[in-house]
file entry.cif (mmCIF, C-alpha atoms)
data_coords
loop_
_atom_site.label_atom_id
_atom_site.label_comp_id
_atom_site.auth_asym_id
_atom_site.auth_seq_id
_atom_site.Cartn_x
_atom_site.Cartn_y
_atom_site.Cartn_z
CA MET Q 1 36.64 -67.35 8.33
CA ILE Q 2 32.93 -68.14 7.97
CA GLN Q 3 30.66 -65.12 7.54
CA VAL Q 4 26.88 -64.69 7.34
CA LYS Q 5 25.10 -62.01 5.30
CA GLU Q 6 21.34 -61.46 5.42
CA PHE Q 7 19.23 -59.88 2.68
CA ILE Q 8 15.67 -58.77 3.45
CA ASP Q 9 13.06 -57.34 1.09
CA THR Q 10 12.39 -53.64 1.60
CA ASP Q 11 9.81 -51.36 0.06
CA THR Q 12 12.23 -50.45 -2.74
CA VAL Q 13 14.64 -53.39 -3.19
CA PHE Q 14 14.03 -57.13 -3.39
CA ALA Q 15 16.27 -59.45 -1.36
CA GLU Q 16 16.85 -61.62 -4.44
CA LYS Q 17 18.40 -58.74 -6.41
CA ARG Q 18 20.78 -57.76 -3.61
CA ALA Q 19 21.71 -61.37 -2.85
CA ASN Q 20 22.49 -62.07 -6.51
CA GLU Q 21 24.67 -58.95 -6.72
CA PHE Q 22 26.58 -60.09 -3.63
CA LEU Q 23 26.93 -63.69 -4.87
CA ALA Q 24 28.33 -62.45 -8.20
CA GLU Q 25 31.30 -61.07 -6.24
CA LEU Q 26 32.09 -64.45 -4.63
CA LYS Q 27 33.90 -67.43 -6.09
CA ASP Q 28 31.96 -70.72 -6.12
CA GLU Q 29 34.21 -72.28 -3.47
CA GLN Q 30 33.46 -69.44 -1.06
CA VAL Q 31 29.72 -70.22 -0.87
CA VAL Q 32 28.85 -72.56 2.00
CA SER Q 33 25.05 -72.34 2.10
CA ILE Q 34 22.10 -70.24 0.95
CA CYS Q 35 18.82 -70.30 2.88
CA TYR Q 36 15.49 -68.71 1.98
CA GLY Q 37 12.51 -67.79 4.09
CA SER Q 38 9.46 -65.60 3.83
CA MET Q 39 7.21 -63.83 6.28
CA ILE Q 40 4.01 -61.84 6.16
CA LYS Q 41 4.24 -58.19 7.22
CA THR Q 42 1.05 -56.34 8.06
CA ALA Q 43 0.98 -52.60 7.43
CA THR Q 44 -0.91 -50.15 9.64
CA SER Q 45 -3.55 -50.01 6.90
CA GLY Q 46 -4.25 -53.70 7.47
CA ASN Q 47 -2.78 -54.81 4.13
CA ALA Q 48 -0.48 -57.81 4.31
CA TYR Q 49 2.75 -58.07 2.32
CA GLN Q 50 5.04 -61.03 1.85
CA ARG Q 51 8.70 -60.30 2.62
CA SER Q 52 11.56 -62.57 1.58
CA THR Q 53 14.75 -63.16 3.51
CA ILE Q 54 17.87 -64.76 2.06
CA LEU Q 55 20.77 -65.83 4.25
CA VAL Q 56 24.15 -66.41 2.61
CA VAL Q 57 26.83 -68.29 4.55
CA TYR Q 58 30.23 -67.90 2.92
CA LYS Q 59 33.96 -68.15 3.51
CA LYS Q 60 35.55 -64.71 3.68
CA ASN Q 61 39.08 -65.83 2.78
CA VAL Q 62 39.41 -69.29 1.26
CA ASP Q 63 43.16 -69.01 0.54
CA ASN Q 64 45.54 -66.75 -1.33
CA LYS Q 65 44.42 -68.10 -4.73
CA THR Q 66 40.74 -67.32 -4.20
CA LYS Q 67 40.94 -64.20 -2.05
CA LYS Q 68 38.99 -61.18 -3.36
#

call {"tool": "encode", "arguments": {"input": "entry.cif", "output": "structure tokens"}}
result
Amino acid sequence: MIQVKEFIDTDTVFAEKRANEFLAELKDEQVVSICYGSMIKTATSGNAYQRSTILVVYKKNVDNKTKK
């Protein structure tokens, strides 16, 4: 089964850190694609912040040999 997991920067955790932690749990053959994007978020104070988004497309169960 193909699954999609999205990681978005927050005020306390970077998307990259969470995505890398998730990817460390997967086997190489489970990873289908990884996409990256960024956006600008404007706070009420008028300050602009860049936010990153990482999308991981992966196979949930490859087969009995690679199942986690």

call {"tool": "residues_near_point", "arguments": {"input": "entry.cif", "point": "(31.2, -69.0, 8.1)", "cutoff": "6 Å", "atoms": "all atoms listed in the file", "output": "JSON, numbers by chain"}}
result
{"Q": [1, 2, 3, 57, 58, 59]}

call {"tool": "closest_residue", "arguments": {"input": "entry.cif", "among": "Q:Leu26, Q:Val13, Q:Ile34, Q:Ala19", "to": "Lys60 in chain Q", "atoms": "all atoms listed in the file"}}
result
Q:Leu26

call {"tool": "resolve_selection", "arguments": {"input": "entry.cif", "expression": "the PyMOL selection byres ((chain Q and resi 47-53) around 12)", "output": "VMD selection string"}}
result
chain Q and resid 5 to 19 34 to 46 54 to 56
